[in-house]
>>> print(open('run_27.cif').read())   # mmCIF, C-alpha atoms
data_run
loop_
_atom_site.label_atom_id
_atom_site.label_comp_id
_atom_site.auth_asym_id
_atom_site.auth_seq_id
_atom_site.Cartn_x
_atom_site.Cartn_y
_atom_site.Cartn_z
CA MET A 176 118.86 374.59 302.60
CA ALA A 177 116.02 374.44 300.10
CA ALA A 178 114.08 377.11 301.97
CA SER A 179 116.99 379.56 301.62
CA LEU A 180 116.67 379.33 297.84
CA LEU A 181 113.00 380.27 297.86
CA LYS A 182 111.70 383.80 297.90
CA PRO A 183 109.06 384.62 300.52
CA ALA A 184 106.36 384.50 297.84
CA ASP A 185 107.27 380.86 297.18
CA ARG A 186 107.09 379.73 300.81
CA ARG A 187 103.34 379.35 300.89
CA PRO A 188 101.43 377.14 303.33
CA GLU A 189 101.80 373.53 302.30
CA GLY A 190 98.04 373.08 302.24
CA ARG A 191 97.65 375.35 299.25
CA GLU A 192 99.34 372.83 296.98
CA ARG A 193 97.41 369.91 298.46
CA ASP A 194 94.10 371.68 297.94
CA ARG A 195 94.59 371.68 294.19
CA GLN A 196 92.41 369.22 292.32
CA VAL A 197 94.22 369.52 288.96
CA PRO A 198 97.76 370.45 287.90
CA SER A 199 98.53 374.11 287.25
CA ARG A 200 97.72 375.69 283.91
CA GLY A 201 101.42 375.90 283.05
CA MET A 202 101.83 372.18 283.68
CA LEU A 203 98.78 371.30 281.60
CA PHE A 204 100.09 373.34 278.67
CA THR A 205 103.46 371.59 279.04
CA VAL A 206 101.73 368.19 278.93
CA PHE A 207 100.14 369.16 275.62
CA ALA A 208 103.31 370.68 274.15
CA ALA A 209 105.38 367.60 274.98
CA GLY A 210 102.71 365.08 273.99
CA ILE A 211 101.82 366.52 270.58
CA GLY A 212 105.24 365.65 269.18
CA GLY A 213 106.13 362.97 271.73
CA THR A 214 104.28 359.68 272.08
CA LEU A 215 101.43 360.92 269.87
CA GLN A 216 103.87 360.35 266.99
CA TYR A 217 104.36 356.75 268.07
CA GLY A 218 100.62 356.06 267.98
CA LEU A 219 100.23 357.92 264.69
CA ASN A 220 102.96 355.88 262.97
CA LEU A 221 101.49 352.62 264.28
CA THR A 222 98.17 353.11 262.52
CA THR A 223 98.85 355.20 259.40
CA VAL A 224 100.95 352.40 257.93
CA ASN A 225 98.13 349.92 258.48
CA ALA A 226 95.66 352.20 256.71
CA ALA A 227 98.01 352.33 253.72
CA THR A 228 98.52 348.54 253.59
CA VAL A 229 96.73 347.79 250.30
CA SER A 230 97.90 350.96 248.53
CA VAL A 231 101.56 350.45 249.45
CA GLN A 232 101.45 346.78 248.44
CA ASN A 233 100.00 347.78 245.06
CA PHE A 234 102.76 350.38 244.76
CA ILE A 235 105.41 347.72 245.47
CA ASN A 236 103.94 345.49 242.77
CA GLU A 237 103.75 348.32 240.22
CA THR A 238 107.27 349.54 240.98
CA TRP A 239 108.77 346.06 240.71
CA THR A 240 106.95 345.35 237.45
CA GLU A 241 108.09 348.64 235.94
CA ARG A 242 111.71 348.04 236.97
CA TYR A 243 112.14 344.41 236.01
CA GLY A 244 109.22 343.66 233.70
CA THR A 245 107.94 340.76 235.79
CA GLN A 246 105.00 340.32 238.13
CA VAL A 247 105.72 339.93 241.82
CA GLU A 248 104.40 336.96 243.76
CA SER A 249 102.14 337.77 246.69
CA ASN A 250 104.57 336.08 249.11
CA PHE A 251 107.37 338.40 248.05
CA ILE A 252 105.13 341.46 248.52
CA ALA A 253 104.28 340.19 252.00
CA ILE A 254 108.02 339.94 252.79
CA ILE A 255 108.65 343.52 251.62
CA TRP A 256 105.67 344.66 253.66
CA SER A 257 107.10 342.90 256.71
CA PHE A 258 110.35 344.83 256.20
CA ILE A 259 108.37 348.09 256.11
CA VAL A 260 106.59 347.20 259.34
CA THR A 261 109.69 345.89 261.11
CA ALA A 262 111.83 348.87 260.09
CA HIS A 263 109.96 351.03 262.58
CA PHE A 264 111.01 348.76 265.46
CA VAL A 265 114.61 348.65 264.27
CA GLY A 266 114.59 352.45 264.39
CA GLY A 267 112.87 352.31 267.77
CA LEU A 268 115.75 350.25 269.18
CA MET A 269 118.24 352.75 267.82
CA GLY A 270 116.26 355.64 269.26
CA SER A 271 116.06 353.98 272.67
CA LEU A 272 119.83 353.54 272.75
CA ILE A 273 120.56 357.20 271.99
CA ALA A 274 117.78 358.62 274.18
CA GLY A 275 119.80 358.44 277.40
CA PRO A 276 122.92 360.20 276.09
CA MET A 277 120.72 362.80 274.37
CA ALA A 278 118.80 363.51 277.58
CA ILE A 279 122.05 364.05 279.49
CA LYS A 280 123.85 366.12 276.85
CA TYR A 281 121.04 368.26 275.48
CA GLY A 282 118.40 368.12 278.21
CA ARG A 283 114.91 366.63 278.16
CA ARG A 284 113.04 369.38 276.34
CA ASN A 285 115.78 369.95 273.76
CA SER A 286 116.04 366.22 273.09
CA LEU A 287 112.32 366.13 272.27
CA LEU A 288 112.85 369.05 269.91
CA LEU A 289 115.87 367.43 268.24
CA SER A 290 114.02 364.15 267.76
CA ASN A 291 111.67 365.96 265.38
CA ILE A 292 114.53 366.06 262.87
CA PHE A 293 114.20 362.29 262.48
CA ILE A 294 110.45 362.42 261.91
CA LEU A 295 110.74 365.24 259.37
CA VAL A 296 113.32 363.23 257.42
CA ALA A 297 110.98 360.23 257.60
CA ALA A 298 108.03 362.28 256.34
CA LEU A 299 110.11 363.61 253.43
CA LEU A 300 111.32 360.15 252.38
CA MET A 301 107.92 358.48 252.61
CA GLY A 302 106.11 361.41 251.02
CA LEU A 303 108.39 361.42 247.97
CA SER A 304 108.61 357.64 247.57
CA LYS A 305 105.81 357.46 245.01
CA ILE A 306 107.30 360.23 242.87
CA ALA A 307 110.74 358.59 243.09
CA LYS A 308 109.17 355.16 242.42
CA SER A 309 111.12 353.67 245.29
CA PHE A 310 109.54 351.53 248.01
CA GLU A 311 112.99 351.39 249.60
CA MET A 312 112.49 355.02 250.63
CA ILE A 313 109.50 353.92 252.69
CA ILE A 314 111.66 351.39 254.55
CA VAL A 315 114.35 353.99 255.30
CA GLY A 316 111.68 356.51 256.29
CA ARG A 317 110.17 354.01 258.68
CA ILE A 318 113.57 353.55 260.34
CA PHE A 319 113.80 357.30 260.92
CA SER A 320 110.25 357.44 262.29
CA GLY A 321 111.18 354.58 264.63
CA ILE A 322 114.20 356.51 265.92
CA ASN A 323 111.87 359.39 266.75
CA SER A 324 109.51 357.02 268.58
CA GLY A 325 112.37 355.41 270.52
CA VAL A 326 113.58 358.80 271.73
CA ALA A 327 110.06 360.06 272.52
CA LEU A 328 108.96 356.97 274.46
CA ASN A 329 111.94 357.42 276.78
CA ILE A 330 112.25 361.19 277.12
CA HIS A 331 108.61 362.32 276.96
CA PRO A 332 107.58 360.70 280.30
CA MET A 333 110.98 361.61 281.79
CA TYR A 334 110.46 365.31 281.00
CA LEU A 335 106.96 365.37 282.46
CA GLY A 336 107.83 363.31 285.55
CA GLU A 337 110.77 365.56 286.40
CA SER A 338 108.67 368.70 285.92
CA ALA A 339 105.59 367.69 287.93
CA THR A 340 105.03 368.14 291.66
CA LYS A 341 104.68 365.14 293.97
CA GLN A 342 100.91 365.46 294.14
CA PHE A 343 100.39 365.06 290.39
CA ARG A 344 103.54 363.23 289.31
CA GLY A 345 101.76 359.97 288.54
CA SER A 346 98.96 361.43 286.43
CA VAL A 347 101.22 363.92 284.64
CA THR A 348 103.83 361.28 283.78
CA LEU A 349 101.19 358.81 282.64
CA SER A 350 99.72 361.42 280.28
CA PHE A 351 102.01 359.96 277.61
CA ALA A 352 99.60 357.01 277.37
CA PRO A 353 96.49 359.03 276.35
CA PHE A 354 98.63 360.86 273.80
CA THR A 355 99.75 357.52 272.37
CA ALA A 356 96.13 356.40 272.12
CA ALA A 357 95.14 359.76 270.63
CA GLY A 358 97.81 359.21 267.99
CA LEU A 359 96.32 355.81 267.22
CA ILE A 360 92.87 357.31 266.70
CA LEU A 361 94.27 360.22 264.68
CA GLY A 362 96.15 357.82 262.38
CA GLN A 363 93.07 355.65 261.92
CA THR A 364 90.94 358.71 261.18
CA VAL A 365 93.23 360.34 258.61
CA GLY A 366 93.69 356.86 257.12
CA LEU A 367 90.03 356.62 256.13
CA ARG A 368 89.49 356.38 252.36
CA GLU A 369 87.47 359.59 252.51
CA VAL A 370 90.47 361.44 254.01
CA LEU A 371 94.01 360.30 253.05
CA GLY A 372 93.59 356.52 252.74
CA SER A 373 93.03 356.38 248.98
CA ASP A 374 95.46 355.07 246.34
CA GLU A 375 96.19 358.63 245.23
CA ARG A 376 96.81 360.18 248.67
CA TRP A 377 98.68 357.47 250.61
CA PRO A 378 102.05 359.35 250.36
CA LEU A 379 100.37 362.26 252.19
CA LEU A 380 99.07 359.79 254.76
CA LEU A 381 102.54 358.40 255.52
CA SER A 382 104.05 361.89 255.66
CA SER A 383 101.27 363.30 257.88
CA CYS A 384 103.59 362.73 260.86
CA ALA A 385 105.30 365.99 259.86
CA ALA A 386 102.35 368.06 261.11
CA PRO A 387 102.66 367.25 264.86
CA ALA A 388 106.45 367.63 264.61
CA LEU A 389 106.17 371.14 263.15
CA LEU A 390 103.55 372.06 265.75
CA GLN A 391 105.82 370.95 268.60
CA LEU A 392 108.78 372.84 267.12
CA MET A 393 106.65 375.99 267.28
CA ILE A 394 105.29 375.68 270.82
CA LEU A 395 107.65 373.57 272.99
CA PRO A 396 110.58 376.08 272.91
CA TRP A 397 108.36 378.47 274.93
CA PHE A 398 108.37 376.05 277.88
CA PRO A 399 111.24 375.61 280.37
CA GLU A 400 113.68 372.75 280.66
CA SER A 401 113.23 370.02 283.28
CA PRO A 402 113.99 371.45 286.77
CA ARG A 403 115.82 368.26 287.77
CA TYR A 404 118.07 368.49 284.71
CA LEU A 405 118.84 372.14 285.46
CA LEU A 406 119.71 371.41 289.10
CA ILE A 407 121.36 367.98 289.00
CA ASP A 408 123.00 367.91 285.57
CA LYS A 409 123.67 371.64 285.10
CA GLY A 410 124.02 372.64 288.75
CA ASP A 411 121.98 375.83 288.31
CA LYS A 412 119.69 376.19 291.34
CA TYR A 413 118.13 379.46 290.31
CA LEU A 414 117.26 378.40 286.76
CA CYS A 415 115.75 375.30 288.34
CA LEU A 416 113.62 377.39 290.67
CA GLU A 417 112.54 379.69 287.84
CA ALA A 418 111.47 376.66 285.78
CA MET A 419 109.44 375.35 288.71
CA ARG A 420 107.69 378.69 289.10
CA ARG A 421 106.80 378.73 285.42
CA PHE A 422 105.44 375.21 285.64
CA HIS A 423 103.51 375.53 288.90
CA GLY A 424 103.05 379.21 289.76
CA ASN A 425 103.58 380.72 293.22
CA ILE A 426 103.09 377.69 295.45
CA ASP A 427 105.15 376.09 298.20
CA LEU A 428 108.11 374.46 296.41
CA THR A 429 110.12 373.49 299.50
CA ASP A 430 109.41 369.75 299.32
CA GLU A 431 110.31 369.55 295.63
CA MET A 432 113.57 371.47 296.17
CA GLU A 433 114.51 369.26 299.14
CA GLU A 434 113.87 366.13 297.09
CA MET A 435 116.03 367.35 294.20
CA LEU A 436 118.83 368.58 296.45
CA GLU A 437 118.89 365.21 298.19
CA GLU A 438 119.13 363.50 294.80
CA LYS A 439 121.91 365.90 293.80
CA ARG A 440 123.88 365.12 296.98
CA ALA A 441 123.46 361.39 296.37
CA SER A 442 124.73 361.69 292.79
CA GLU A 443 127.79 363.84 293.56
CA GLY A 444 131.02 362.17 292.52
CA GLN A 445 129.20 359.68 290.31
CA LYS A 446 129.39 359.67 286.54
CA SER A 447 126.64 358.63 284.17
CA LYS A 448 126.65 354.90 283.51
CA ASN A 449 126.48 353.31 280.09
CA LEU A 450 124.18 350.37 279.43
CA TRP A 451 126.76 347.70 280.28
CA GLU A 452 127.76 349.43 283.54
CA LEU A 453 124.09 349.68 284.46
CA PHE A 454 123.63 345.93 284.04
CA ARG A 455 126.64 345.28 286.25
CA ASP A 456 125.47 347.60 289.05
CA ALA A 457 123.99 345.37 291.76
CA SER A 458 122.28 348.30 293.50
CA VAL A 459 119.81 348.75 290.63
CA ARG A 460 119.47 345.10 289.61
CA ARG A 461 115.99 344.66 291.12
CA GLN A 462 114.74 347.82 289.39
CA LEU A 463 116.16 346.61 286.07
CA ILE A 464 114.42 343.25 286.45
CA ILE A 465 111.11 344.99 287.14
CA VAL A 466 111.53 347.25 284.11
CA PHE A 467 112.53 344.32 281.91
CA VAL A 468 109.58 342.15 282.96
CA LEU A 469 106.99 344.92 282.65
CA SER A 470 108.34 346.20 279.33
CA SER A 471 108.59 342.69 277.89
CA ALA A 472 104.98 341.98 278.82
CA ILE A 473 103.85 345.16 277.06
CA GLU A 474 105.83 344.42 273.90
CA LEU A 475 104.94 340.71 273.76
CA CYS A 476 101.22 341.11 274.43
CA GLY A 477 100.59 341.55 270.69
CA ASN A 478 99.15 345.05 270.96
CA ASP A 479 101.49 346.62 268.38
CA ALA A 480 101.07 343.67 266.03
CA MET A 481 97.32 344.19 266.25
CA TYR A 482 97.64 347.77 265.06
CA PHE A 483 100.12 346.99 262.30
CA TYR A 484 98.05 344.09 260.97
CA THR A 485 94.55 345.31 261.87
CA THR A 486 93.35 344.90 258.30
CA TYR A 487 94.38 341.23 258.21
CA VAL A 488 92.98 340.48 261.69
CA LEU A 489 89.58 342.08 261.12
CA ARG A 490 89.30 340.52 257.67
CA ALA A 491 89.98 337.09 259.18
CA ALA A 492 87.36 337.84 261.84
CA GLY A 493 84.75 338.21 259.09
CA ILE A 494 84.35 341.99 259.15
CA PRO A 495 83.13 343.25 255.71
CA GLU A 496 85.95 344.84 253.72
CA LYS A 497 84.27 348.26 253.51
CA LYS A 498 83.74 348.40 257.28
CA ILE A 499 87.22 347.31 258.40
CA GLN A 500 88.61 350.84 258.62
CA TYR A 501 85.73 351.96 260.82
CA ALA A 502 86.04 348.91 263.08
CA ALA A 503 89.74 349.69 263.44
CA ILE A 504 88.93 353.11 264.90
CA GLY A 505 87.00 351.30 267.65
CA THR A 506 90.20 349.59 268.82
CA GLY A 507 91.91 352.96 269.16
CA ILE A 508 88.98 354.45 271.07
CA CYS A 509 89.04 351.52 273.54
CA GLU A 510 92.73 352.10 274.28
CA PHE A 511 92.20 355.86 274.61
CA MET A 512 89.38 355.43 277.14
CA THR A 513 91.40 352.92 279.16
CA SER A 514 94.54 355.07 279.25
CA LEU A 515 92.52 358.16 280.15
CA SER A 516 90.77 356.41 283.06
CA SER A 517 94.12 355.04 284.30
CA ASN A 518 95.53 358.56 284.15
CA ILE A 519 92.69 359.87 286.31
CA PHE A 520 92.92 357.21 289.05
CA ILE A 521 96.65 356.41 289.24
CA ASP A 522 97.39 358.94 291.98
CA ARG A 523 94.45 357.64 294.03
CA ILE A 524 94.89 353.87 293.83
CA GLY A 525 98.65 353.66 293.24
CA ARG A 526 100.68 351.92 290.53
CA LYS A 527 100.58 348.24 291.44
CA VAL A 528 96.80 347.73 291.29
CA PRO A 529 96.38 349.07 287.71
CA LEU A 530 99.41 347.03 286.62
CA MET A 531 98.04 343.80 288.05
CA LEU A 532 94.59 344.53 286.60
CA GLY A 533 96.02 345.29 283.16
CA TYR A 534 98.21 342.20 283.00
CA GLY A 535 95.38 340.08 284.36
CA LEU A 536 93.10 341.27 281.55
CA MET A 537 95.88 340.49 279.05
CA VAL A 538 96.01 336.90 280.28
CA VAL A 539 92.22 336.49 280.20
CA TRP A 540 91.64 337.99 276.76
CA GLY A 541 94.77 336.45 275.29
CA SER A 542 93.40 333.06 276.33
CA VAL A 543 89.97 333.91 274.89
CA PHE A 544 91.52 334.91 271.55
CA THR A 545 93.60 331.73 271.41
CA VAL A 546 90.63 329.46 272.14
CA SER A 547 88.43 331.38 269.68
CA LEU A 548 90.97 331.07 266.86
CA CYS A 549 91.37 327.35 267.50
CA LEU A 550 87.60 326.82 267.49
CA GLN A 551 87.22 328.98 264.38
CA LYS A 552 89.74 326.83 262.53
CA GLY A 553 88.00 323.64 263.64
CA ILE A 554 84.57 324.94 262.59
CA VAL A 555 85.86 325.97 259.14
CA GLU A 556 87.46 322.56 258.60
CA HIS A 557 84.25 320.81 259.73
CA GLN A 558 82.14 322.88 257.34
CA CYS A 559 84.47 322.05 254.46
#
>>> encode(input="run_27.cif", output="structure tokens")
Amino acid sequence: MAASLLKPADRRPEGRERDRQVPSRGMLFTVFAAGIGGTLQYGLNLTTVNAATVSVQNFINETWTERYGTQVESNFIAIIWSFIVTAHFVGGLMGSLIAGPMAIKYGRRNSLLLSNIFILVAALLMGLSKIAKSFEMIIVGRIFSGINSGVALNIHPMYLGESATKQFRGSVTLSFAPFTAAGLILGQTVGLREVLGSDERWPLLLSSCAAPALLQLMILPWFPESPRYLLIDKGDKYLCLEAMRRFHGNIDLTDEMEEMLEEKRASEGQKSKNLWELFRDASVRRQLIIVFVLSSAIELCGNDAMYFYTTYVLRAAGIPEKKIQYAAIGTGICEFMTSLSSNIFIDRIGRKVPLMLGYGLMVVWGSVFTVSLCLQKGIVEHQC
């Protein structure tokens, strides 16, 4: 059935696709177009706020004093700062909840484009907060940036995974990780005092997330929608095939079409499930448990907290104040190199081995950090 949909030019020998060492040029461009406004934004918003820590806290103090004529205690500033940090995750939860319905109603590519509305609103609010003398605008802006991240973290890998061929599906889908790490490094770099990290330019730093959003709005519309969405959700076989040709060129597409048609047949007569119905479906319970365990480990490993509170952590570690921002860039580079190497080898060694290795390293280094902090505290008390 799939072969009847393909033109003779598309029914190439199967070996031609297997001989490829890298994805097609169209697929590589799509990876960039999706990533620049996808998970790169998540990494960028993790680190720009850390770079602006001292400046924003001074702004909170100045704003409060000007409003009420009283000085603010450091504990209260810390609480407000915690709200600013946490607001991003509140928005992330909201974005994750609407990502599924958006992907079904508007498609994967269009959902990524629409999510840029949230980040542009966030950039506007945070960029104007100093002029408006309102730190509350930063909190609201962080919620909007979190919504964008929640949508992107769900739909960005979905769009790429549904657009890639079997041979490169793992590496193409995992490309969201290097873009996240690249966003971390970009945020740490523009957050340097010599760039946008000064007391005068911190509003520009927080609103710098608008640049990748505008870039994606200019280039992503030139790329096709997810072939799986076009075939399974829209039922348009020929638009699906045209999208696959634009992604991969004139190669043998029979296997991909067969896979999608089989998925379409399996989904006929079924409606999309909401979150509660998904939890009640016994057929996907094992998959949900796996997703829950893996996602929980990622979120609870302390990685995000490290980026949000890098300044505090490195200061406590004894790094000189003037060198903290440069040491912070090193953490981003480490994550970028790791994610890039995982992206290269995932289709060769599978998924389970890198997962076990990554979680094993988390356990080892988490234990090392815990012991080191306990010993550091004991040494300080002994010296006193």
>>> residues_around(input="run_27.cif", residues="region 403-408 of chain A", least_positions_apart="4", cutoff="10 Å", atoms="all atoms listed in the file", output="PyMOL selection string")
chain A and resi 278-284+334+336-338+399+412-416+418-419+431-432+434-440+442-443
>>> write_last_selection(input="run_27.cif", atoms="C-alpha atoms", output="mmCIF file, in the coordinates of the input")
data_model
loop_
_atom_site.group_PDB
_atom_site.id
_atom_site.type_symbol
_atom_site.label_atom_id
_atom_site.label_comp_id
_atom_site.auth_asym_id
_atom_site.auth_seq_id
_atom_site.Cartn_x
_atom_site.Cartn_y
_atom_site.Cartn_z
ATOM 1 C CA ALA A 278 118.800 363.510 277.580
ATOM 2 C CA ILE A 279 122.050 364.050 279.490
ATOM 3 C CA LYS A 280 123.850 366.120 276.850
ATOM 4 C CA TYR A 281 121.040 368.260 275.480
ATOM 5 C CA GLY A 282 118.400 368.120 278.210
ATOM 6 C CA ARG A 283 114.910 366.630 278.160
ATOM 7 C CA ARG A 284 113.040 369.380 276.340
ATOM 8 C CA TYR A 334 110.460 365.310 281.000
ATOM 9 C CA GLY A 336 107.830 363.310 285.550
ATOM 10 C CA GLU A 337 110.770 365.560 286.400
ATOM 11 C CA SER A 338 108.670 368.700 285.920
ATOM 12 C CA PRO A 399 111.240 375.610 280.370
ATOM 13 C CA LYS A 412 119.690 376.190 291.340
ATOM 14 C CA TYR A 413 118.130 379.460 290.310
ATOM 15 C CA LEU A 414 117.260 378.400 286.760
ATOM 16 C CA CYS A 415 115.750 375.300 288.340
ATOM 17 C CA LEU A 416 113.620 377.390 290.670
ATOM 18 C CA ALA A 418 111.470 376.660 285.780
ATOM 19 C CA MET A 419 109.440 375.350 288.710
ATOM 20 C CA GLU A 431 110.310 369.550 295.630
ATOM 21 C CA MET A 432 113.570 371.470 296.170
ATOM 22 C CA GLU A 434 113.870 366.130 297.090
ATOM 23 C CA MET A 435 116.030 367.350 294.200
ATOM 24 C CA LEU A 436 118.830 368.580 296.450
ATOM 25 C CA GLU A 437 118.890 365.210 298.190
ATOM 26 C CA GLU A 438 119.130 363.500 294.800
ATOM 27 C CA LYS A 439 121.910 365.900 293.800
ATOM 28 C CA ARG A 440 123.880 365.120 296.980
ATOM 29 C CA SER A 442 124.730 361.690 292.790
ATOM 30 C CA GLU A 443 127.790 363.840 293.560
#
>>> closest_residue(input="run_27.cif", among="A:Ala226, A:Ile521, A:Phe454, A:Arg526", to="Val370 (chain A)", atoms="all atoms listed in the file")
A:Ala226
>>> residues_around(input="run_27.cif", residues="Trp239 (chain A)", least_positions_apart="2", cutoff="12 Å", atoms="only C-alpha atoms", output="list in words")
Gln232, Asn233, Phe234, Ile235, Asn236, Glu237, Glu241, Arg242, Tyr243, Gly244, Thr245, Gln246, Val247, Glu248, Phe251, Ile252, Ile255, Lys308, Ser309, Phe310 and Glu311 of chain A
>>> atom_distance(input="run_27.cif", atom1="CA of Met537 (chain A)", atom2="CA of Val466 (chain A)")
17.8 Å
>>> resolve_selection(input="run_27.cif", expression="the PyMOL selection byres ((chain A and resi 256-259) around 12)", output="ChimeraX atom specification")
/A:220-221,224-225,227-236,249-255,260-266,301,310-321,381,480,483-484
>>> resolve_selection(input="run_27.cif", expression="the PyMOL selection byres ((chain A and resi 200-210) around 7)", output="ChimeraX atom specification")
/A:198-199,211-215,331,335,351,354,391,394-395,398,421-423
>>> resolve_selection(input="run_27.cif", expression="the PyMOL selection byres ((chain A and resi 504) around 12)", output="PyMOL selection string")
chain A and resi 222-223+225-226+356-367+482+485-486+489+498-503+505-511
>>> atom_distance(input="run_27.cif", atom1="CA of Ser382 (chain A)", atom2="CA of Leu299 (chain A)")
6.7 Å
>>> atom_distance(input="run_27.cif", atom1="CA of Met333 (chain A)", atom2="CA of Trp397 (chain A)")
18.4 Å
>>> closest_residue(input="run_27.cif", among="A:Phe343, A:Phe520, A:Phe293, A:Phe544", to="Val488 (chain A)", atoms="all atoms listed in the file")
A:Phe544
>>> closest_residue(input="run_27.cif", among="A:Gly541, A:Gly424, A:Pro353, A:Pro495", to="Ser516 (chain A)", atoms="only C-alpha atoms")
A:Pro353
>>> build_atoms(input="run_27.cif", residues="region 419-430 of chain A", atoms="N, CA, C and O atoms", output="short mmCIF file (atom, residue, chain, number, x, y, z; two decimals), keeping the file's coordinate frame")
data_model
loop_
_atom_site.label_atom_id
_atom_site.label_comp_id
_atom_site.auth_asym_id
_atom_site.auth_seq_id
_atom_site.Cartn_x
_atom_site.Cartn_y
_atom_site.Cartn_z
N MET A 419 110.52 375.85 287.87
CA MET A 419 109.44 375.35 288.71
C MET A 419 108.33 376.38 288.87
O MET A 419 107.14 376.04 288.89
N ARG A 420 108.72 377.65 289.00
CA ARG A 420 107.69 378.69 289.10
C ARG A 420 106.87 378.78 287.83
O ARG A 420 105.65 378.97 287.86
N ARG A 421 107.53 378.66 286.69
CA ARG A 421 106.80 378.73 285.42
C ARG A 421 105.87 377.53 285.23
O ARG A 421 104.81 377.65 284.63
N PHE A 422 106.29 376.39 285.74
CA PHE A 422 105.44 375.21 285.64
C PHE A 422 104.25 375.27 286.60
O PHE A 422 103.13 374.90 286.24
N HIS A 423 104.49 375.73 287.83
CA HIS A 423 103.51 375.53 288.90
C HIS A 423 102.98 376.82 289.53
O HIS A 423 102.08 376.74 290.37
N GLY A 424 103.52 377.97 289.17
CA GLY A 424 103.05 379.21 289.76
C GLY A 424 103.64 379.43 291.14
O GLY A 424 104.61 378.77 291.56
N ASN A 425 103.08 380.36 291.89
CA ASN A 425 103.58 380.72 293.22
C ASN A 425 102.98 379.83 294.30
O ASN A 425 102.03 380.20 294.98
N ILE A 426 103.53 378.63 294.41
CA ILE A 426 103.09 377.69 295.45
C ILE A 426 104.30 377.30 296.29
O ILE A 426 105.44 377.68 296.00
N ASP A 427 104.07 376.56 297.33
CA ASP A 427 105.15 376.09 298.20
C ASP A 427 105.98 375.05 297.45
O ASP A 427 105.47 373.98 297.11
N LEU A 428 107.24 375.35 297.18
CA LEU A 428 108.11 374.46 296.41
C LEU A 428 109.19 373.82 297.29
O LEU A 428 110.11 373.20 296.76
N THR A 429 109.07 373.97 298.59
CA THR A 429 110.12 373.49 299.50
C THR A 429 110.34 371.98 299.38
O THR A 429 111.48 371.51 299.29
N ASP A 430 109.27 371.20 299.38
CA ASP A 430 109.41 369.75 299.32
C ASP A 430 110.09 369.31 298.04
O ASP A 430 110.95 368.41 298.06
#
